[in-house]
$ cat work26.txt   # compact mmCIF, C-alpha atoms
# COMPACT_ATOMS: atom_id res chain seq x y z
CA MET A 18 -28.52 52.14 54.49
CA ARG A 19 -26.54 50.83 51.55
CA SER A 20 -26.72 47.16 50.72
CA TRP A 21 -24.39 45.09 48.69
CA ARG A 22 -25.08 42.10 46.47
CA VAL A 23 -22.25 39.61 46.82
CA GLY A 24 -21.16 38.20 43.48
CA THR A 25 -22.28 40.96 41.13
CA TYR A 26 -18.87 42.59 40.76
CA SER A 27 -17.13 39.21 40.77
CA MET A 28 -19.12 38.00 37.80
CA GLY A 29 -18.41 41.16 35.86
CA ALA A 30 -14.73 41.11 36.73
CA ALA A 31 -14.52 37.42 35.82
CA LEU A 32 -16.00 38.05 32.38
CA ILE A 33 -13.66 41.01 31.82
CA SER A 34 -10.60 39.01 32.84
CA LEU A 35 -11.66 36.11 30.61
CA GLY A 36 -12.06 38.49 27.69
CA LEU A 37 -8.61 39.95 28.32
CA PHE A 38 -7.03 36.52 28.51
CA LEU A 39 -8.70 35.37 25.30
CA PHE A 40 -7.69 38.62 23.60
CA ALA A 41 -4.08 38.04 24.63
CA ALA A 42 -4.24 34.46 23.41
CA GLN A 43 -5.63 35.53 20.04
CA PHE A 44 -3.29 38.38 19.20
CA LEU A 45 -0.17 37.56 21.17
CA LYS A 46 -0.16 33.90 20.06
CA ILE A 47 -0.32 32.64 23.64
CA ASN A 48 -1.15 28.96 24.10
CA LEU A 49 -4.87 28.61 24.96
CA SER A 50 -4.31 25.90 27.57
CA ALA A 51 -1.83 28.19 29.33
CA VAL A 52 -4.49 30.93 29.32
CA MET A 53 -7.04 28.65 30.99
CA LYS A 54 -4.52 27.50 33.57
CA ALA A 55 -3.81 31.13 34.54
CA TRP A 56 -7.39 32.44 34.33
CA TRP A 57 -9.50 30.22 36.54
CA PRO A 58 -7.70 31.03 39.86
CA VAL A 59 -8.26 34.72 39.09
CA ILE A 60 -12.00 34.19 39.63
CA LEU A 61 -11.52 33.14 43.25
CA ILE A 62 -9.09 35.99 43.84
CA ILE A 63 -11.59 38.54 42.46
CA LEU A 64 -14.42 37.24 44.66
CA GLY A 65 -12.22 37.35 47.76
CA ILE A 66 -11.01 40.86 47.00
CA GLU A 67 -14.58 42.02 46.48
CA LEU A 68 -15.60 40.79 49.94
CA LEU A 69 -12.58 42.25 51.73
CA VAL A 70 -12.69 45.65 50.02
CA PHE A 71 -16.39 46.16 50.62
CA LEU A 72 -16.25 45.14 54.27
CA GLN A 73 -13.22 47.35 54.85
CA MET A 74 -14.87 50.37 53.23
CA ASN A 75 -18.14 49.95 55.09
CA LYS A 76 -17.16 48.47 58.45
CA LYS A 77 -18.61 51.43 60.37
CA GLU A 78 -21.95 51.35 58.61
CA ASN A 79 -22.36 47.59 59.13
CA PRO A 80 -24.31 47.37 55.87
CA PRO A 81 -26.66 44.47 55.20
CA VAL A 82 -25.30 41.96 52.80
CA LYS A 83 -27.50 40.51 50.10
CA TYR A 84 -26.57 37.81 47.69
CA ASP A 85 -26.81 37.85 43.93
CA PHE A 86 -27.49 34.12 43.68
CA LEU A 87 -27.36 34.05 39.90
CA SER A 88 -23.94 35.65 39.90
CA ILE A 89 -22.75 33.44 42.76
CA ILE A 90 -23.93 30.32 40.92
CA PHE A 91 -22.13 31.57 37.84
CA VAL A 92 -18.94 32.07 39.83
CA ILE A 93 -19.32 28.68 41.55
CA VAL A 94 -19.78 26.92 38.21
CA ILE A 95 -16.74 28.63 36.73
CA GLY A 96 -14.76 27.91 39.88
CA SER A 97 -15.78 24.25 39.77
CA LEU A 98 -14.79 24.03 36.14
CA GLY A 99 -11.50 25.63 37.10
CA VAL A 100 -10.91 23.01 39.81
CA ALA A 101 -11.78 20.27 37.32
CA PHE A 102 -9.42 21.88 34.83
CA ALA A 103 -6.66 21.90 37.42
CA LEU A 104 -7.24 18.24 38.30
CA ALA A 105 -7.18 17.31 34.62
CA ASN A 106 -3.96 19.27 34.27
CA THR A 107 -2.29 17.33 37.10
CA THR A 108 -3.12 14.04 35.36
CA GLY A 109 -1.54 15.23 32.11
CA ILE A 110 -4.79 15.09 30.12
CA ILE A 111 -4.71 18.82 29.34
CA ASP A 112 -1.18 18.56 27.99
CA LYS A 113 -2.22 15.68 25.76
CA ILE A 114 -5.23 17.61 24.45
CA ASP A 115 -2.99 20.61 23.88
CA TYR A 116 -0.56 18.36 21.99
CA ALA A 117 -3.36 17.12 19.75
CA VAL A 118 -4.71 20.61 19.04
CA ASN A 119 -1.29 22.00 18.14
CA SER A 120 -0.09 19.04 16.06
CA GLU A 121 -0.38 18.21 12.38
CA GLN A 122 0.26 15.24 10.10
CA LYS A 123 3.70 15.48 8.51
CA THR A 124 5.99 13.36 6.37
CA LEU A 125 9.49 13.40 7.86
CA ASP A 126 12.84 11.87 6.97
CA LEU A 127 14.25 9.01 8.98
CA PRO A 128 17.76 9.67 10.30
CA ILE A 129 20.27 8.11 7.90
CA PHE A 130 22.04 5.02 9.19
CA ASP A 131 25.46 4.24 7.64
CA GLU A 132 27.62 1.37 8.84
CA GLU A 133 30.83 0.16 7.25
CA VAL A 134 30.87 -3.62 6.89
CA PRO A 135 34.09 -5.25 8.18
CA SER A 136 35.83 -7.60 5.80
CA VAL A 137 35.14 -10.58 8.10
CA ILE A 138 31.38 -10.30 7.60
CA LYS A 139 29.90 -13.10 5.49
CA ARG A 140 26.21 -12.73 6.34
CA ILE A 141 23.73 -9.91 7.01
CA VAL A 142 20.51 -10.64 8.93
CA VAL A 143 17.71 -8.05 8.81
CA ASP A 144 14.63 -8.04 11.03
CA THR A 145 12.03 -5.41 10.16
CA ALA A 146 8.96 -3.97 11.88
CA TYR A 147 7.81 -2.21 8.69
CA PRO A 148 7.47 -2.81 4.95
CA LEU A 149 10.99 -2.69 3.54
CA THR A 150 12.77 -2.07 0.25
CA ILE A 151 16.13 -3.81 -0.12
CA GLU A 152 18.69 -2.91 -2.78
CA SER A 153 22.12 -4.31 -3.48
CA THR A 154 25.12 -2.02 -3.99
CA ASN A 155 28.80 -2.33 -4.77
CA GLU A 156 29.81 -0.60 -1.52
CA LEU A 157 30.87 -2.48 1.60
CA LYS A 158 28.45 -0.75 3.92
CA VAL A 159 24.86 -0.97 5.13
CA SER A 160 22.71 2.13 4.78
CA VAL A 161 19.13 2.73 5.96
CA PHE A 162 17.05 5.76 5.02
CA GLY A 163 13.44 6.60 4.26
CA THR A 164 10.43 8.58 5.44
CA TYR A 165 7.62 8.29 7.97
CA GLN A 166 4.31 10.02 8.59
CA SER A 167 3.34 11.15 12.06
CA THR A 168 1.22 13.61 14.01
CA VAL A 169 3.78 16.00 15.49
CA ARG A 170 4.19 19.61 16.52
CA LYS A 171 6.12 22.18 14.53
CA LEU A 172 9.86 21.36 14.36
CA GLU A 173 9.28 18.13 16.33
CA LYS A 174 10.58 14.72 15.24
CA LEU A 175 9.90 11.27 16.60
CA VAL A 176 13.47 10.17 16.03
CA ASP A 177 16.60 12.30 15.99
CA LYS A 178 19.24 9.58 15.86
CA PRO A 179 19.46 6.31 13.86
CA GLU A 180 20.01 4.41 17.12
CA GLU A 181 16.42 5.20 18.12
CA PHE A 182 14.99 2.94 15.41
CA ILE A 183 17.98 0.83 14.28
CA GLN A 184 19.61 -1.83 16.42
CA LYS A 185 22.94 -3.24 15.20
CA HIS A 186 24.91 -6.17 16.54
CA ILE A 187 27.95 -8.00 15.18
CA ASN A 188 28.59 -11.59 16.16
CA GLY A 189 31.45 -13.41 14.45
CA ASP A 190 30.96 -13.22 10.69
CA THR A 191 27.35 -11.97 10.94
CA ILE A 192 25.94 -8.47 11.32
CA PHE A 193 22.39 -8.23 12.67
CA ILE A 194 20.26 -5.23 11.75
CA ARG A 195 16.89 -4.72 13.43
CA ILE A 196 14.53 -1.99 12.25
CA LYS A 197 12.46 -1.19 15.34
CA GLU A 198 9.07 0.44 15.69
CA LEU A 199 9.21 4.21 16.01
CA PRO A 200 8.63 5.57 19.51
CA VAL A 201 5.24 7.06 20.36
CA LYS A 202 5.59 9.94 22.82
CA GLU A 203 1.90 10.88 23.19
CA GLN A 204 -0.05 7.65 23.56
CA PHE A 205 -3.56 9.14 23.25
CA PHE A 206 -3.28 11.44 20.27
CA GLN A 207 -0.03 10.83 18.43
CA THR A 208 -0.36 8.58 15.42
CA ILE A 209 2.23 7.06 13.13
CA GLY A 210 1.24 6.59 9.51
CA GLU A 211 3.18 5.01 6.69
CA VAL A 212 6.83 4.19 7.41
CA THR A 213 8.89 3.40 4.31
CA PRO A 214 12.50 2.48 5.06
CA THR A 215 15.00 1.41 2.40
CA ILE A 216 18.13 -0.57 3.19
CA LEU A 217 21.18 -0.80 0.96
CA VAL A 218 23.36 -3.90 1.41
CA PRO A 219 26.55 -5.11 -0.29
CA GLY A 220 25.67 -7.30 -3.25
CA ASN A 221 28.43 -9.80 -2.49
CA ILE A 222 27.34 -10.71 1.07
CA ASN A 223 24.60 -13.23 1.85
CA LEU A 224 21.39 -11.70 3.19
CA GLU A 225 18.60 -13.11 5.37
CA VAL A 226 15.38 -11.14 6.05
CA ASN A 227 12.56 -11.81 8.49
CA GLY A 228 9.60 -9.86 7.10
CA HIS A 229 7.10 -10.36 9.95
CA GLN A 230 4.27 -10.43 7.37
CA HIS A 231 5.27 -7.03 5.95
CA GLU A 232 5.63 -6.22 2.27
CA ILE A 233 9.19 -6.69 1.01
CA LYS A 234 10.61 -5.28 -2.23
CA LEU A 235 13.88 -6.74 -3.48
CA LYS A 236 15.97 -4.87 -6.05
CA SER A 237 19.07 -6.79 -7.01
CA ARG A 238 21.74 -5.03 -9.03
CA THR A 239 24.44 -7.45 -10.14
CA LEU A 240 23.78 -9.82 -7.26
CA LEU A 241 26.83 -11.87 -6.25
CA SER A 242 25.38 -13.60 -3.18
CA ASN A 243 22.32 -15.48 -1.93
CA TRP A 244 19.28 -13.73 -0.46
CA GLU A 245 16.60 -15.34 1.70
CA VAL A 246 13.27 -13.80 2.78
CA THR A 247 11.13 -15.57 5.38
CA ASN A 248 7.67 -14.93 6.81
CA ALA A 249 6.89 -11.89 4.67
CA GLY A 250 3.70 -10.51 3.19
CA ASN A 251 3.79 -9.66 -0.50
CA VAL A 252 7.30 -10.05 -1.91
CA THR A 253 8.22 -8.29 -5.15
CA VAL A 254 11.50 -9.24 -6.83
CA LYS A 255 12.65 -6.56 -9.27
CA ILE A 256 15.47 -7.87 -11.39
CA LYS A 257 17.33 -7.24 -14.64
CA LYS A 258 16.97 -9.75 -17.45
CA ASP A 259 20.75 -10.13 -17.73
CA GLU A 260 21.16 -11.17 -14.08
CA ASN A 261 22.61 -14.49 -12.97
CA VAL A 262 19.97 -15.41 -10.41
CA SER A 263 17.41 -18.10 -9.60
CA VAL A 264 14.24 -16.93 -7.83
CA VAL A 265 12.83 -19.72 -5.66
CA ALA A 266 9.45 -19.55 -3.92
CA ARG A 267 8.59 -22.17 -1.29
CA ASP A 268 5.32 -22.56 0.57
CA SER A 269 4.12 -19.30 -0.93
CA ARG A 270 1.72 -18.05 -3.59
CA ILE A 271 3.16 -17.08 -6.96
CA VAL A 272 1.42 -14.07 -8.50
CA ASN A 273 2.60 -13.92 -12.11
CA SER A 274 2.87 -17.54 -13.17
CA GLU A 275 2.47 -16.33 -16.78
CA LEU A 276 6.18 -15.42 -16.72
CA GLY A 277 6.87 -19.08 -17.23
CA TRP A 278 8.40 -20.45 -14.06
CA ASP A 279 10.88 -23.15 -14.97
CA GLN A 280 9.72 -25.51 -12.24
CA ILE A 281 6.47 -25.53 -10.29
CA LYS A 282 5.73 -28.14 -7.63
CA ARG A 283 2.18 -27.85 -6.42
CA LEU A 284 0.51 -29.25 -3.35
CA GLU A 285 -0.53 -32.80 -4.30
CA ASP A 286 -2.20 -33.81 -1.08
CA PHE A 287 -3.78 -32.15 1.93
CA GLU A 288 -4.87 -34.02 5.01
CA SER A 289 -6.34 -32.71 8.23
CA SER A 290 -7.87 -34.78 11.00
CA ASP A 291 -10.34 -31.95 11.63
CA ARG A 292 -11.85 -32.26 8.13
CA THR A 293 -13.50 -34.94 6.08
CA SER A 294 -11.81 -36.25 2.94
CA GLU A 295 -14.18 -34.14 0.80
CA GLU A 296 -13.25 -31.01 2.77
CA ASN A 297 -9.54 -31.81 2.41
CA GLU A 298 -9.96 -32.12 -1.35
CA LYS A 299 -11.76 -28.77 -1.45
CA VAL A 300 -8.93 -27.08 0.48
CA LEU A 301 -6.38 -28.65 -1.87
CA ARG A 302 -8.29 -27.38 -4.90
CA GLU A 303 -8.50 -23.84 -3.43
CA TYR A 304 -4.77 -23.82 -2.70
CA ASN A 305 -3.96 -24.75 -6.28
CA GLU A 306 -6.44 -22.25 -7.72
CA GLN A 307 -4.77 -19.49 -5.70
CA GLU A 308 -1.34 -20.51 -7.08
CA TRP A 309 0.02 -21.75 -3.75
CA VAL A 310 3.08 -23.85 -4.46
CA VAL A 311 5.37 -26.16 -2.56
CA GLU A 312 8.17 -24.79 -4.70
CA ALA A 313 8.55 -22.70 -7.84
CA VAL A 314 11.80 -21.78 -9.58
CA LYS A 315 12.49 -19.06 -12.13
CA LYS A 316 16.03 -19.04 -13.53
CA ILE A 317 17.50 -15.86 -15.00
CA GLY A 318 20.77 -16.33 -16.87
CA LYS A 319 22.76 -19.21 -15.41
CA GLY A 320 20.93 -18.90 -12.09
CA GLU A 321 24.17 -19.12 -10.10
CA TYR A 322 22.90 -17.07 -7.14
CA THR A 323 19.59 -17.59 -5.37
CA ILE A 324 16.80 -15.35 -4.09
CA LEU A 325 14.77 -17.67 -1.84
CA VAL A 326 11.33 -16.67 -0.51
CA LEU A 327 9.85 -18.89 2.23
CA ASP A 328 6.45 -18.96 3.94
CA SER A 329 5.29 -15.66 2.47
CA GLU A 330 1.93 -14.37 1.30
CA SER A 331 2.93 -13.99 -2.36
CA VAL A 332 5.92 -13.78 -4.68
CA GLN A 333 5.99 -11.62 -7.80
CA ILE A 334 8.79 -11.10 -10.30
CA GLU A 335 9.20 -7.85 -12.23
CA PHE A 336 11.90 -7.29 -14.83
CA GLY A 337 13.72 -3.99 -15.11
CA LEU A 338 15.04 -1.62 -12.42
$ encode --input "work26.txt" --output "structure tokens"
Amino acid sequence: MRSWRVGTYSMGAALISLGLFLFAAQFLKINLSAVMKAWWPVILIILGIELLVFLQMNKKENPPVKYDFLSIIFVIVIGSLGVAFALANTTGIIDKIDYAVNSEQKTLDLPIFDEEVPSVIKRIVVDTAYPLTIESTNELKVSVFGTYQSTVRKLEKLVDKPEEFIQKHINGDTIFIRIKELPVKEQFFQTIGEVTPTILVPGNINLEVNGHQHEIKLKSRTLLSNWEVTNAGNVTVKIKKDENVSVVARDSRIVNSELGWDQIKRLEDFESSDRTSEENEKVLREYNEQEWVVEAVKKIGKGEYTILVLDSESVQIEFGL
């Protein structure tokens, strides 16, 4: 009487189907995660078909059934992995892994933001989530452009419209511009590298910038207004020698004091109830050695207009644009 070992054909068929799926994925450019999603249920189908076909073909003989335990264990393991794969797929983990595998680090352009400035505007306030370069122009409009680095798929972008990273609001004679953080679509694997926006502002309208401890680069070209930068990291002021500007640093560290600042007011006293008088003197000495100043002024030309830097990590002046 013929006997049949349950699992033998299933294991062979499972390996053949896996090979076919992987072959299709390799040469037909099919997504590997999609292959795995389609393949693992096939194992259970093959095992069920094997049982039904054999019993149907041999129902009169009532053949004894033996079990190929090694093959059955193999099928069970693969089936269990398939169930685990399916559960992981329902939680979205597989999609995130697939996103990471099929992504690459790219440098992309930020969508260009252009906004005409109404004639009633007397002040522009900028709040930035990234290091920022600011340049003055002769045009009555605000423009923002730049690049960013991110882990994305082919043809994918983090932002398609300026509104996704720029927030604009006009209130009375003031226009508020906020440069927001770029959206992160895949929390686990997507990374955002360097973001380098540049903003162009009219040179004849007063400007206020909140740097949020980020590096700020100021490039004034025939400045006809007052600029103020607060709470920034390193601030670099690039300016022409024939400008008509005074650069003022307050409660900040001046980097290139060798330029010959016209006025420097240093910290003369430092008192803290948490320290002894000797410790206070040491702190005062360290502040002065690091070029921290209460106020420093560098006048270029007549110094009619002012670039004021407050509460920032450092202030550096560079001549020439």
$ atom_distance --input "work26.txt" --atom1 "atom CA of A:Asn251" --atom2 "atom CA of A:Ile209"
21.6 Å
$ closest_residue --input "work26.txt" --among "A:Val161, A:Leu224, A:Ile196, A:Leu125" --to "A:Lys139" --atoms "all atoms listed in the file"
A:Leu224
$ atom_distance --input "work26.txt" --atom1 "atom CA of A:Ile183" --atom2 "atom CA of A:Phe130"
7.7 Å
$ atom_distance --input "work26.txt" --atom1 "atom CA of A:Ser331" --atom2 "atom CA of A:Glu312"
12.2 Å
$ closest_residue --input "work26.txt" --among "A:Ile151, A:Leu241, A:Ile317, A:Val94" --to "A:Asp259" --atoms "only C-alpha atoms"
A:Ile317
$ residues_near_point --input "work26.txt" --point "(13.7, -8.7, -4.5)" --cutoff "10 Å" --atoms "all atoms listed in the file" --output "PyMOL selection string"
chain A and resi 150-153+233-238+244-246+252-256+264+324-326+332-335
